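Working notes, beginning with the structure itself.
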Amino acid sequence: MREPTSYLPTIELRDFILSYGILDIPDGVEEPYFSPPLGLSGFIIHIINARNCIVAKIADRDHYTHETVATGQVTRPVHGRIVGRTRILMVFFHPLGMHQLFGNDMALLTNGSRSLHEFLGAGEATDFVMRLRENQEDLPQVRVLNEFFAARVPLVNERTTQMRETLEYIHARKGDIAIAELEREFRYEKKTLERRFKKMLGLSPKVYSEIYRFRCLINLIQSQPGISWAQLADQAGFYDQSHMSRYIKDYLNVSPASIVQLDMDFINYLLTR
């Protein structure tokens, strides 16, 4: 799939939102897409959908069917196709961002979605989408997004600060970390750590760490295209090549040798969010 045009949110929103993406597909074109688990949640808003056709699946079930949705963390790839004249706005939230801005239970969105009318309420969602559709140029739509989210910027609290520090610790270790280490480092009780991760991110700390480790692995593949599988396993900190292969199969549903068959341009775009 072609790469969306990317825009940064305003500075006050960058702790919550990583970026916006705007994708235009012309009439008469069909674009397949494939998005692996990346540790992110988002909004997907079809501003134009001339054929009223949405195909987005996890395995063989629908991931979403509405034109405007809030999507949670996924543990398996999302795949589908975009058909005909379509304009899509995408909001990529920091792993904690959606929960911080909306206070929702992220576990209810894991491997799923809710229409924005259900997520925000019918009145607010209708007004928000109508304002986005008033002008089909990128910058006016980005301004509407910034204004909408800026009205929700929350006060800092101890729990989200602690969780942000926990995530930074996982990221610094590239996801290769024992959960007991997090409990010791941040003085969590085991059940508290698990509960907060699921509520604030939608995933357990173990699953989030594994997804982040996978993300680092794919980034390494992209940055060193000539690297051997054995070298890659060693640099990425896997026990051996077969251990690394299981990670790739789990999160891409293909063998390492089949990665080149995927839409790596779009995957690489997503990995930079």
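How things are named: the first chain in the structure tokens is A, the next is B, and so on; residues count from 1 in each chain; ligands count from 1 in the order shown.
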
**Study point:** Which of segment 53-253 of chain A DSSP labels helix (DSSP H, G or I), written as a PyMOL selection string
**Key:** chain A and resi 97-102+106-109+116-120+122-133+138-150+158-172+179-186+190-200+205-223+229-235+241-252

Tell me, counting only C-alpha atoms, for each residue of segment 8-119 of chain A within 10 Å of segment 190-201 of chain A, which pair of atoms is nearest and how far apart they are in Å to one decimal, in rows ordered by chain and increasing number, as a tab-separated table.
residue	atom	partner	partner_atom	distance
A:Gly39	CA	A:Leu201	CA	8.4
A:Leu40	CA	A:Leu201	CA	8.5
A:Ser41	CA	A:Leu201	CA	8.4
A:Gly72	CA	A:Leu201	CA	8.3
A:Gln73	CA	A:Leu201	CA	7.3
A:His94	CA	A:Leu201	CA	9.6
A:Pro95	CA	A:Leu201	CA	6.0
A:Leu96	CA	A:Leu201	CA	5.9
A:Gly97	CA	A:Met200	CA	8.7
A:Met98	CA	A:Met200	CA	8.3
A:His99	CA	A:Met200	CA	5.6
A:Gln100	CA	A:Met200	CA	7.9
A:Gly103	CA	A:Met200	CA	8.4
A:Asn104	CA	A:Lys199	CA	7.8
A:Asp105	CA	A:Lys199	CA	4.9
A:Met106	CA	A:Lys199	CA	5.2
A:Ala107	CA	A:Lys198	CA	5.4
A:Leu108	CA	A:Lys199	CA	8.4
A:Leu109	CA	A:Leu201	CA	9.5
A:Thr110	CA	A:Leu201	CA	8.7

Could you write out that same residue set with N, CA and C atoms as a short mmCIF file (atom, residue, chain, number, x, y, z; two decimals), in the first residue's frame?
data_model
loop_
_atom_site.label_atom_id
_atom_site.label_comp_id
_atom_site.auth_asym_id
_atom_site.auth_seq_id
_atom_site.Cartn_x
_atom_site.Cartn_y
_atom_site.Cartn_z
N GLY A 39 2.04 -2.31 19.04
CA GLY A 39 1.95 -1.68 20.36
C GLY A 39 1.26 -0.34 20.34
N LEU A 40 0.43 -0.06 19.32
CA LEU A 40 -0.25 1.23 19.18
C LEU A 40 -1.76 1.04 19.09
N SER A 41 -2.50 2.08 19.45
CA SER A 41 -3.93 2.14 19.21
C SER A 41 -4.20 3.32 18.28
N GLY A 72 -8.10 -0.65 19.11
CA GLY A 72 -7.18 -0.92 20.20
C GLY A 72 -5.93 -1.65 19.76
N GLN A 73 -5.19 -2.12 20.75
CA GLN A 73 -4.00 -2.93 20.47
C GLN A 73 -4.40 -4.24 19.79
N HIS A 94 0.24 7.31 21.18
CA HIS A 94 1.24 6.74 22.07
C HIS A 94 0.58 5.57 22.81
N PRO A 95 1.31 4.54 23.22
CA PRO A 95 0.67 3.39 23.87
C PRO A 95 -0.29 3.75 25.01
N LEU A 96 0.01 4.82 25.75
CA LEU A 96 -0.88 5.27 26.82
C LEU A 96 -1.85 6.36 26.38
N GLY A 97 -1.66 6.88 25.17
CA GLY A 97 -2.32 8.11 24.77
C GLY A 97 -3.83 8.07 24.76
N MET A 98 -4.41 7.03 24.19
CA MET A 98 -5.87 6.98 24.12
C MET A 98 -6.48 6.93 25.51
N HIS A 99 -5.91 6.11 26.37
CA HIS A 99 -6.44 6.02 27.75
C HIS A 99 -6.29 7.35 28.48
N GLN A 100 -5.17 8.03 28.29
CA GLN A 100 -4.97 9.31 28.97
C GLN A 100 -5.96 10.37 28.50
N GLY A 103 -9.79 8.21 29.00
CA GLY A 103 -10.10 7.50 30.23
C GLY A 103 -10.79 6.17 30.04
N ASN A 104 -10.70 5.60 28.85
CA ASN A 104 -11.40 4.35 28.55
C ASN A 104 -10.60 3.14 29.01
N ASP A 105 -11.28 2.04 29.17
CA ASP A 105 -10.65 0.76 29.50
C ASP A 105 -10.14 0.15 28.20
N MET A 106 -8.82 0.18 27.98
CA MET A 106 -8.26 -0.26 26.71
C MET A 106 -8.44 -1.76 26.48
N ALA A 107 -8.64 -2.53 27.54
CA ALA A 107 -8.84 -3.97 27.38
C ALA A 107 -10.09 -4.27 26.55
N LEU A 108 -11.06 -3.36 26.58
CA LEU A 108 -12.30 -3.56 25.82
C LEU A 108 -12.10 -3.38 24.32
N LEU A 109 -10.95 -2.82 23.93
CA LEU A 109 -10.66 -2.60 22.51
C LEU A 109 -9.60 -3.57 21.96
N THR A 110 -9.03 -4.41 22.79
CA THR A 110 -7.96 -5.29 22.33
C THR A 110 -8.45 -6.21 21.22
#

What are the nearest atom pairs, with distances in Å to one decimal, for all residues of segment 74-140 of chain A that come at most 10 Å from segment 209-231 of chain A, using only C-alpha atoms, set out by chain and rising residue number as a Markdown table?
| residue | atom | partner | partner_atom | distance |
| --- | --- | --- | --- | --- |
| A:Val74 | CA | A:Ile211 | CA | 9.5 |
| A:Thr75 | CA | A:Ile211 | CA | 7.8 |
| A:Arg76 | CA | A:Ile211 | CA | 9.9 |

I need the residues from that last selection saved to file as a compact mmCIF listing (two decimals), in the first residue's frame (with C-alpha atoms), if you can.
# COMPACT_ATOMS: atom_id res chain seq x y z
CA VAL A 74 -3.79 -6.02 18.28
CA THR A 75 -1.87 -9.24 18.86
CA ARG A 76 -2.21 -10.53 15.30

Exercise for review: List the neighbours of Leu182 of chain A out to 12 Å using only C-alpha atoms; skip same-chain residues closer than 3 positions along the sequence, and give me the result as a PyMOL selection string.
Suggested key: chain A and resi 162-163+165-170+173+175-179+185-190+192-194+197+205-206+209

Would you put the residues from that selection into a file with C-alpha atoms, as an mmCIF file, in the first residue's frame?
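Dumped everything to part-v3.cif:
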data_model
loop_
_atom_site.group_PDB
_atom_site.id
_atom_site.type_symbol
_atom_site.label_atom_id
_atom_site.label_comp_id
_atom_site.auth_asym_id
_atom_site.auth_seq_id
_atom_site.Cartn_x
_atom_site.Cartn_y
_atom_site.Cartn_z
ATOM 1 C CA GLN A 162 4.752 5.527 36.644
ATOM 2 C CA MET A 163 3.369 3.625 33.659
ATOM 3 C CA GLU A 165 8.443 5.279 33.054
ATOM 4 C CA THR A 166 7.742 1.545 32.950
ATOM 5 C CA LEU A 167 7.247 1.658 29.180
ATOM 6 C CA GLU A 168 10.430 3.670 28.706
ATOM 7 C CA TYR A 169 12.281 0.985 30.672
ATOM 8 C CA ILE A 170 10.856 -1.746 28.412
ATOM 9 C CA ARG A 173 15.706 -2.961 26.908
ATOM 10 C CA GLY A 175 11.420 -5.580 24.973
ATOM 11 C CA ASP A 176 13.860 -8.225 26.188
ATOM 12 C CA ILE A 177 12.925 -8.115 29.856
ATOM 13 C CA ALA A 178 11.514 -10.338 32.595
ATOM 14 C CA ILE A 179 8.261 -9.104 34.137
ATOM 15 C CA GLU A 185 12.257 -1.833 39.569
ATOM 16 C CA PHE A 186 8.942 0.020 39.906
ATOM 17 C CA ARG A 187 7.664 -1.621 43.103
ATOM 18 C CA TYR A 188 4.560 -3.076 41.535
ATOM 19 C CA GLU A 189 2.631 -5.946 42.992
ATOM 20 C CA LYS A 190 2.186 -8.563 40.258
ATOM 21 C CA THR A 192 -1.397 -4.415 40.054
ATOM 22 C CA LEU A 193 1.094 -4.375 37.174
ATOM 23 C CA GLU A 194 -1.065 -6.744 35.122
ATOM 24 C CA PHE A 197 -1.282 -2.607 31.765
ATOM 25 C CA PRO A 205 3.110 -6.449 30.306
ATOM 26 C CA LYS A 206 4.443 -9.723 28.894
ATOM 27 C CA SER A 209 7.104 -6.473 25.801
#

Practice item. Find the spatial neighbours of Leu8 of chain A, counting only C-alpha atoms, within a cut-off of 8 Å - ignore same-chain residues fewer than 6 positions away - and output them as a list in words. Key: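 The residues that qualify are Arg14, Leu18, Ser19 and Tyr20 of chain A.
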
Exercise for review: Could you find all residues in segment 44-121 of chain A that DSSP calls strand (DSSP E or B) from the backbone, and write them as a VMD selection string?
Suggested key: chain A and resid 44 to 49 55 to 58 61 to 62 68 to 71 78 to 83 86 to 93 113 to 115

Residues from last step as file, C-alpha atoms, as a PDB file, in the first residue's frame:
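Just written: result_26.pdb:
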ATOM      1  CA  ILE A  44      -9.393   5.467  11.638  1.00  0.00           C
ATOM      2  CA  ILE A  45     -11.716   7.942   9.921  1.00  0.00           C
ATOM      3  CA  HIS A  46     -12.955   7.428   6.353  1.00  0.00           C
ATOM      4  CA  ILE A  47     -13.585  10.982   5.171  1.00  0.00           C
ATOM      5  CA  ILE A  48     -14.395   9.743   1.658  1.00  0.00           C
ATOM      6  CA  ASN A  49     -15.422   6.170   0.889  1.00  0.00           C
ATOM      7  CA  VAL A  55     -12.384  -4.744   4.420  1.00  0.00           C
ATOM      8  CA  ALA A  56     -10.324  -4.996   7.612  1.00  0.00           C
ATOM      9  CA  LYS A  57      -9.824  -8.372   9.246  1.00  0.00           C
ATOM     10  CA  ILE A  58      -7.876 -10.175  11.957  1.00  0.00           C
ATOM     11  CA  ARG A  61     -13.120 -12.108  11.334  1.00  0.00           C
ATOM     12  CA  ASP A  62     -13.954  -8.430  10.817  1.00  0.00           C
ATOM     13  CA  THR A  68     -15.095   6.009  11.784  1.00  0.00           C
ATOM     14  CA  VAL A  69     -13.617   3.852  14.545  1.00  0.00           C
ATOM     15  CA  ALA A  70     -11.394   3.740  17.608  1.00  0.00           C
ATOM     16  CA  THR A  71      -9.117   0.701  17.390  1.00  0.00           C
ATOM     17  CA  VAL A  78      -4.727  -6.720  10.502  1.00  0.00           C
ATOM     18  CA  HIS A  79      -5.170  -7.215   6.762  1.00  0.00           C
ATOM     19  CA  GLY A  80      -7.601  -6.036   4.136  1.00  0.00           C
ATOM     20  CA  ARG A  81      -8.021  -3.838   1.095  1.00  0.00           C
ATOM     21  CA  ILE A  82      -9.100  -0.342   0.149  1.00  0.00           C
ATOM     22  CA  VAL A  83     -11.215  -0.075  -2.995  1.00  0.00           C
ATOM     23  CA  THR A  86     -11.060   6.801  -0.540  1.00  0.00           C
ATOM     24  CA  ARG A  87      -9.594   9.368   1.856  1.00  0.00           C
ATOM     25  CA  ILE A  88      -8.640   8.108   5.310  1.00  0.00           C
ATOM     26  CA  LEU A  89      -7.379  10.024   8.340  1.00  0.00           C
ATOM     27  CA  MET A  90      -5.388   7.958  10.843  1.00  0.00           C
ATOM     28  CA  VAL A  91      -4.435   8.941  14.381  1.00  0.00           C
ATOM     29  CA  PHE A  92      -1.560   6.973  15.927  1.00  0.00           C
ATOM     30  CA  PHE A  93      -1.673   7.185  19.717  1.00  0.00           C
ATOM     31  CA  SER A 113     -12.799  -1.590  17.607  1.00  0.00           C
ATOM     32  CA  ARG A 114     -15.763   0.640  18.406  1.00  0.00           C
ATOM     33  CA  SER A 115     -17.461   3.150  16.147  1.00  0.00           C
TER      34      SER A 115
END

Shell of 9 Å around Phe128 of chain A, only C-alpha atoms, local chain residues under 4 positions omitted, as a short mmCIF file (atom, residue, chain, number, x, y, z; two decimals) with C-alpha atoms, in the first residue's frame:
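Printed below is part.cif as written:
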data_model
loop_
_atom_site.label_atom_id
_atom_site.label_comp_id
_atom_site.auth_asym_id
_atom_site.auth_seq_id
_atom_site.Cartn_x
_atom_site.Cartn_y
_atom_site.Cartn_z
CA GLY A 123 -23.43 14.09 19.18
CA GLU A 124 -19.71 14.65 19.68
CA LEU A 132 -13.28 17.10 9.27
CA ARG A 133 -15.41 16.79 6.11
CA VAL A 144 -9.44 20.12 13.40
CA LEU A 145 -7.68 17.05 14.81
CA PHE A 148 -10.31 18.24 19.10
#

Review point. So which one's closest to Val156 of chain A, A:Leu101, A:Ala172, A:Gly28, A:Tyr7? Using only C-alpha atoms, please.
Key: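 With only C-alpha atoms as the atom set, the closest residue is A:Leu101.
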